[in-house]
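Q: Right, I'll just put the structure down here and ask away after.
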Amino acid sequence: MLAYIIRRILQSVLVMLVVALVSFALFRFVGDPINSMVGQETSIADRDALRDQLGLNDPFLSQFATFVTRAAQGDFGISYRLQQPVMELILSRLPATLELALVSGVLAFVFGVGFGVYTALRRNGWASNTIMTVSLIGVSLPTFLIGVLLIWVFAVELQWLPSFGRGETVEIGGWTTGFLTPTGRASLILPAITLGLYQMTLIMRLVRAEMLEVLRTDYIKFARARGLSNRAVNFGHALKNTMVPVITITGLQLGSIIAFAIITETVFQWPGVGALFINSVRFVDVPVMAAYLMMIALVFVIINLIVDLLYYAVDPRLRVDRAATRH
Amino acid sequence: MSIFTKDHSFTRARKMLSVSALALVMTSVSANAETLRWARVADALTLDPHSQNEGPTSTLLHHIYETLVGRATDGSLTPRLATDWRISEEDPTVWIFTLREGVTFHDGSEFNAEDVVFSLNRVRAESSGFKALHSAVESVSMVDDYTVHVKMSGPSPLYVQNLTNTFIMDQGWAEANDVVEPQNFAAGEENYAVRNTNGTGPYTLVSRDPEVRTVMAAFEGHWDESPAVTEIIYTPISEAATRVAALLSGEVDVVQDVPVQDIARLEQTEGVKITTGPENRNIFFAYDMVSDTLRSSDAADNPFKKPEIREAMALVLDRDAIQQVVMRGQSQPSAAPLPPFVNGWTEEMNAYGSPDVERAAQLVVEAGYPDGFSVDLNCPNDRYLNDEAICQAMVGMLGRANINANLVSQTRSLHFPLIENWETDFYLLGWGVPTFDSAYVFNFLVHTREDAYGSFNGSRYSNPEVDAKIESLETMTDLEARDATIAEIWEQVMEDRVFLNVHNQMLAYAMRDDINLDVHPENQPKMTTVTFSD
């Protein structure tokens, strides 16, 4: 087990290095940050001097080496745009993104599994058909459009929910949370639905398909023949056996929820890391872009690790295999 | 008509009052606290007053810090921390500023000449974003508590025009917090002044969460009349649709940066009003008119070098069509490459004829391109109002004269380096004139590129005679003779068709319909000028 984890961590470091290299190579094509940093009066000589000072004239590999050595020490430099330490900036934005991701992840999982089970058990009911159709719309529409649509209906027309921002937040030991204030909770609803809708549909369809598959198997028939209650059959046996792929997908989707919150955060002016990244791209704020991409890579790596470990917990066969190989 | 009933005439009178006698209304309204929620596309990058010479940053800082002189909505200079400014009679290279007495900083310390000397030195530091505006300053000295002398390297009759975004800091506060220089990127640490302020401005900083919310409250000890708005909540909302939705849902009161396509709809919306006005920014095309060959053309030589081609391009450009179709009316078509309130602008330069495609096509043939020629048109797509669409329209118009322009549109951080590095043959550029004087245009766009001159001269235009005149402008103290030289330079530049100007950009602010706020030509609205009508 320990050896397995260590091996995974070493792999992860390699993945992170590759991500850093690729993203660094891409920054060359984003443009020149100097133009955004200085006023239009600045002479060409002064622009060059600043470029030198920031090390933008150094050869690619030496820039990359400097970045990696500093990053390894946790120093991602100062944002060109906001002039604050990058690490601090990202950490101050992370709570917003993580809370949003958590809420939409939970929403997606709970409703996804719930609807999935329901539509699998009542395959031809009108409720099932409605859910299936609506969910299809959810997958087909781009996030951006769903967000604008929700804002239009619930903020502008009905005026029930706020159209942007995070509402009031409470700070608890460096972590700002919106869970504790009424405006904070109200502000979470629309972005969480926007962000989670696709994931919910995905999980729902996956659960439904897996359930249908499992319900056809012999052991379910035997279970029913033994006279077990519907509840025990459906949830104790059928649902449990569909969970391995669902956990994998949900885990990986949690990563993409964090990574792809960019669009939702932009539409709702949600002050998270995704919005920070988008603004940084516009400004060619290389230190922030680099740190963000590294962070996202780290999130995926960690989630993968956790998912692997969860397999252990859910599927006893894996434990047996491992145990067997260890002898 | 019903306006003759008592009630209505009263409201009408109040409305007129609020426009004409601002101060009166302000005192009558300021009794009750008014919060103004203000949204625009981007947040201030920093609160350090000398670090970033950038629009949203200066706009926000004008509420917390103050400058020596201010810029009114009509473009004229107004006294702020300086009550008087003049060039010394004994020495034309010295500017004398008389400072306002009885001004205090937000922390209670008194404002005097020491703070001005300190700030004018700080703004010239290596890491300052404004140092280019102060490059002619040799030294700054304090004569007495309320008089400052600024010694220039030569006569600089327009130096005061450069001061409208130079904020004054408190020397004692800056020294105590170790911020005697603006943020230095190479130093790798954050400056205290990035998030903390101590100005003399009409509002104090209450709280700030960068890119989320900045709250400011009226400063009780401010020297001027207290403003109608007692609290400002400033929120950046980058997405245009969300920004407009926030106004419609009543979550914000004033929106800057209203998308052109939403203006007509918002005007129809109940409870919302739009104010528009010209921005200090003109949009023009320019081309490499000097190189022997172009980078992106199939022509063997450089067509832009030929006056016929430049004339042909001016003949195909249909400014009115761009105004109506692309800008939906939100622009002022003009042939003069400078906004109307800038010194040197004339009605004559502004005039343009109607397009003549046939004549243009004929000129292209006469210039030696019977089959026309092709060239890349570089265009930004996120910098000016509908920039990419303007270029698309231009491509279509040029095609009618057999000039095949290939549109290359990209983000600003890729577009502007092309001009800086002379890597574009034909491009779109917008230019604002913060000093409100033609010399600013000449220095950066017309003068041959050398030293501090010509950094945005992408046309490579180089005329020694014009250069000499441009340089002479800097030290001319006889303003009449100076204006005559400006006119001469413009005549030559217009004759050579260095710029193909399209229009001046318009600004639009949307707000709750009981709020009055004028459009500021530099897009720096001051919330102190807001009034409320009943």
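Ordering of the structure tokens sets the chain letters (A, B, ...), residue numbers begin anew at 1 in every chain, and ligands are numbered from 1 in the order given.
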Can you tell me, as a short mmCIF file (atom, residue, chain, number, x, y, z; two decimals) with N, CA and C atoms, in the first residue's frame, what residues are no more than 10 Å from Tyr80 (chain A) when counting only C-alpha atoms, ignoring any on the same chain fewer than 6 positions away?
A:
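Final output, saved to result_5.cif:
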```cif
data_model
loop_
_atom_site.label_atom_id
_atom_site.label_comp_id
_atom_site.auth_asym_id
_atom_site.auth_seq_id
_atom_site.Cartn_x
_atom_site.Cartn_y
_atom_site.Cartn_z
N PRO A 33 3.42 40.61 -22.14
CA PRO A 33 2.79 41.24 -20.98
C PRO A 33 3.14 42.72 -20.83
N ILE A 34 4.26 43.12 -21.40
CA ILE A 34 4.76 44.48 -21.15
C ILE A 34 3.72 45.53 -21.55
N SER A 36 0.61 45.56 -21.45
CA SER A 36 -0.46 45.78 -20.46
C SER A 36 0.09 46.40 -19.19
N MET A 37 1.40 46.27 -18.97
CA MET A 37 1.95 46.70 -17.69
C MET A 37 2.34 48.17 -17.67
N LEU A 54 12.23 41.41 -15.92
CA LEU A 54 11.34 40.29 -15.64
C LEU A 54 11.89 38.98 -16.19
N VAL A 86 1.74 35.62 -5.99
CA VAL A 86 0.82 34.74 -6.69
C VAL A 86 0.20 33.70 -5.76
N SER A 280 -6.02 36.82 -16.00
CA SER A 280 -4.58 36.76 -16.16
C SER A 280 -4.20 36.47 -17.61
N PHE A 283 -4.31 39.55 -19.62
CA PHE A 283 -3.24 40.49 -19.29
C PHE A 283 -1.87 39.89 -19.57
N VAL A 284 -1.83 38.60 -19.93
CA VAL A 284 -0.58 37.85 -20.07
C VAL A 284 0.20 37.89 -18.75
N ASP A 285 -0.50 37.59 -17.68
CA ASP A 285 0.12 37.56 -16.37
C ASP A 285 0.74 36.17 -16.17
N VAL A 286 1.94 36.00 -16.71
CA VAL A 286 2.56 34.67 -16.75
C VAL A 286 2.68 34.01 -15.37
N PRO A 287 3.13 34.70 -14.34
CA PRO A 287 3.26 34.00 -13.05
C PRO A 287 1.94 33.38 -12.57
N VAL A 288 0.83 34.09 -12.74
CA VAL A 288 -0.44 33.55 -12.28
C VAL A 288 -0.88 32.39 -13.17
N LEU B 45 -6.02 47.78 -10.75
CA LEU B 45 -5.00 46.75 -10.60
C LEU B 45 -4.30 46.84 -9.26
N PHE B 185 8.76 45.02 -9.52
CA PHE B 185 8.48 43.61 -9.79
C PHE B 185 9.67 42.72 -9.49
#
```
Q: Might you pull out every residue within 7 Å of region 160-163 of chain B, with only C-alpha atoms counted and same-chain residues fewer than 5 positions away left off, and present them as a list in words?
A: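 These residues fall inside the cut-off: Thr67, Leu68, Val69, Leu133 and Thr435 of chain B.
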Q: Generate the output file for the selected residues, C-alpha atoms, as a CSV table (one decimal), in the first residue's frame.
A:
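Saved result, part-v8.csv, follows:
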```
chain,number,residue,atom,x,y,z
B,67,THR,CA,-4.1,65.3,-8.0
B,68,LEU,CA,-2.8,68.9,-8.2
B,69,VAL,CA,-5.1,69.7,-11.1
B,133,LEU,CA,5.0,62.0,-18.2
B,435,THR,CA,-2.6,65.9,-22.3
```
Q: Taking only C-alpha atoms into account, what are the residues of chain B at most 7 Å from chain A, put as number ranges by chain?
A: B: 45-46, 52-54, 129, 132, 185-186, 188-190, 211-212, 237-239, 242, 245-246, 248-249, 413-414, 417, 452, 455
Q: Looking only at alpha helix (DSSP H) from DSSP on the backbone, list the matching residues of region 103-180 of chain B as a list in words.
A: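 The alpha helix (DSSP H) residues within region 103-180 of chain B come out as Ala113, Glu114, Asp115, Val116, Val117, Phe118, Ser119, Leu120, Asn121, Arg122, Gln171, Gly172, Trp173, Ala174, Glu175 and Ala176 of chain B.
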Q: Can you tell me, as number ranges by chain, what residues are no more than 6 Å from region 419-434 of chain B when counting only C-alpha atoms, ignoring any on the same chain fewer than 3 positions away?
A: B: 280-288, 377-379, 416, 458
Q: When you look at Glu231 (chain B) with a cut-off of 7 Å (counting only C-alpha atoms), what residues show up, excluding the ones that are within fewer than 6 positions of it in the same chain? I need them as a ChimeraX atom specification.
A: /B:34-36,216-218
Q: May I have the residues within 10 Å of Leu121 (chain A) as a PDB file with C-alpha atoms, in the first residue's frame, using only C-alpha atoms and disregarding those fewer than 3 positions away in the same chain?
A:
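Dumped everything to selection28.pdb:
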```pdb
ATOM      1  CA  PHE A 115     -32.568  10.498 -10.834  1.00  0.00           C
ATOM      2  CA  GLY A 116     -30.443   7.707 -12.289  1.00  0.00           C
ATOM      3  CA  VAL A 117     -31.871   5.128  -9.919  1.00  0.00           C
ATOM      4  CA  TYR A 118     -35.387   6.451 -10.377  1.00  0.00           C
ATOM      5  CA  ASN A 124     -41.364   4.216 -18.791  1.00  0.00           C
ATOM      6  CA  GLY A 125     -43.057   6.540 -16.332  1.00  0.00           C
ATOM      7  CA  SER A 128     -38.675   9.459 -16.057  1.00  0.00           C
ATOM      8  CA  ARG A 208     -29.146   4.521 -15.129  1.00  0.00           C
ATOM      9  CA  MET A 211     -28.359  -0.057 -13.007  1.00  0.00           C
ATOM     10  CA  LEU A 212     -30.183  -1.443 -16.008  1.00  0.00           C
ATOM     11  CA  LEU A 215     -30.703  -5.443 -12.726  1.00  0.00           C
ATOM     12  CA  ASN A 234     -32.239  -2.182  -5.490  1.00  0.00           C
TER      13      ASN A 234
END
```
Q: Which value, in Å to one decimal, gives the distance between CA of Gln11 (chain A) and CA of Met243 (chain A)?
A: 26.5 Å
Q: Do a neighbour search on Gly105 (chain A) at 10 Å with only C-alpha atoms, toss out local chain neighbours closer than 4 positions, and write the hits as JSON, numbers by chain.
A: {"A": [98, 99, 100, 101, 109, 110, 111, 112, 192, 193, 195, 196, 197, 199, 200, 250, 251, 253, 254, 255, 257, 258]}
Q: For Met506 (chain B), please output as number ranges by chain all residues within 12 Å (counting only C-alpha atoms; exclusion window: fewer than 3 positions along the same chain).
A: B: 257-260, 263, 275-283, 323, 327-333, 339, 384-386, 503, 509, 519-523
Q: What does the distance from CA of Met289 (chain A) to CA of Arg70 (chain A) come to in Å, to one decimal?
A: 15.0 Å
Q: Using only C-alpha atoms, which of the listed residues (B:Val364, B:Val244, B:Val342, B:Met313) sits closest to Ala299 (chain B)?
A: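 Selected residue with least distance to Ala299 (chain B): B:Val364.
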Q: How far is it from CA of Asp382 (chain B) to CA of Ile278 (chain A), in Å with one decimal?
A: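 Between CA of Asp382 (chain B) and CA of Ile278 (chain A) the gap is 13.4 Å.
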Q: If you run DSSP over the backbone, which residues in region 122-218 of chain A end up strand (DSSP E or B)? Put them as a PyMOL selection string.
A: chain A and resi 170-172+175-177
